[in-house]
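S.K.: Here's a structure for you.
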Amino acid sequence: MERTRWVERSFDFNFPEGLLPNIIERLSGTELRMWAMTRDLSEVEMSARKDGKWSVKEQVGHLVDLEDLHISRLKEMIARKTELTAADMSNRKTEESDHNSQPIDTLISAFISKRREFIDLLNSMDDETQLFNSTHPRLKIQMRPIDVAYFTAEHDDHHLASIRELLT
């Protein structure tokens, strides 16, 4: 079965705000899944591209690169911005970064640091902020902080599945 491309996904954010702790738990687990998937791989295996797709290190590096966007979006909600920052759909930052030259420990550590900031922002929001809506620029739908968290978790899973495909 061919996996659905990220840009072809649609989202329906209709779950209660009370599910945020569950989503935060999922977000917290991304780093552990990264470690588990990469711990027994050689440098050659982690840096190899397959069918022109990003390597394992590039997939992890991309998640590091995107964490700044997720953090910015939460900060925009705290500031009551009505439209969220758009992602660079060309992924220029990932394409121009030489993630393959970095040790996997460095990449995952950078991810952990940024992810903690993201989760800390989610946990620090008051109820009024948790209910605030902003428009996602590409999807053209309203999102609350919980929706940004869910969207981020789905994005994590998309790239972890891409790593899994590289390993099979």
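Starting from 1 in every chain, residues are counted up; chains themselves are A, B, ... following the order of the structure tokens, and ligands are numbered from 1 as listed.
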Might you pull out every residue within 9 Å of A:Gln59, with only C-alpha atoms counted and same-chain residues fewer than 6 positions away left off, and present them as number ranges by chain?

M.R.: A: 94, 99, 159-160, 162-163

S.K.: As a ChimeraX atom specification, please: the residues near A:Gly61 (cut-off 12 Å, only C-alpha atoms, same-chain neighbours under 2 positions excluded).

M.R.: /A:34,46-47,54-59,63-67,91,93-112,156,159-160,163

S.K.: Show which residues sit within 10 Å of stretch 129-135 of chain A, as a short mmCIF file (atom, residue, chain, number, x, y, z; two decimals) with C-alpha atoms, in the first residue's frame. Count only C-alpha atoms, and ignore same-chain residues fewer than 2 positions away.

M.R.:
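New file part-v8.cif:
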```cif
data_model
loop_
_atom_site.label_atom_id
_atom_site.label_comp_id
_atom_site.auth_asym_id
_atom_site.auth_seq_id
_atom_site.Cartn_x
_atom_site.Cartn_y
_atom_site.Cartn_z
CA GLU A 17 -9.31 20.18 24.76
CA LEU A 20 -4.24 17.57 25.38
CA ARG A 73 2.76 28.92 15.99
CA LEU A 74 2.08 28.45 19.69
CA GLU A 76 1.44 33.38 17.78
CA MET A 77 -1.60 31.92 19.51
CA ILE A 78 -0.42 33.29 22.85
CA ALA A 79 -0.08 36.70 21.12
CA ARG A 80 -3.61 36.23 19.67
CA LYS A 81 -2.52 36.29 16.03
CA THR A 82 -5.39 35.30 13.75
CA GLU A 83 -3.23 33.54 11.14
CA LEU A 84 -0.35 31.20 11.77
CA THR A 85 3.02 31.34 10.07
CA LEU A 122 1.53 23.98 25.72
CA ASN A 123 1.58 23.31 29.45
CA SER A 124 1.91 27.00 30.33
CA MET A 125 -1.19 28.19 28.46
CA ASP A 126 -4.22 29.29 30.41
CA ASP A 127 -7.71 28.07 29.52
CA PRO A 137 -2.40 29.13 6.13
CA ARG A 138 -2.21 26.02 3.91
CA LEU A 139 -5.16 24.05 5.30
CA LYS A 140 -7.39 27.15 5.61
CA ILE A 141 -8.96 25.84 8.80
CA GLN A 142 -9.15 27.11 12.36
CA MET A 143 -6.78 25.54 14.86
CA ARG A 144 -6.52 25.66 18.63
CA PRO A 145 -3.29 24.93 20.50
CA ILE A 146 -4.42 21.30 20.96
CA ASP A 147 -4.83 21.09 17.19
CA VAL A 148 -1.31 22.39 16.62
#
```

S.K.: Record the distance separating atom CA of A:Leu32 and atom CA of A:Phe151, expressed in Å with one decimal.

M.R.: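 Atom CA of A:Leu32 sits 18.9 Å away from atom CA of A:Phe151.
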
S.K.: With only C-alpha atoms as the atoms that count, which of A:Ala153, A:Ile71, A:Val60, A:Ile119 lies nearest to A:Arg26?

M.R.: A:Ala153
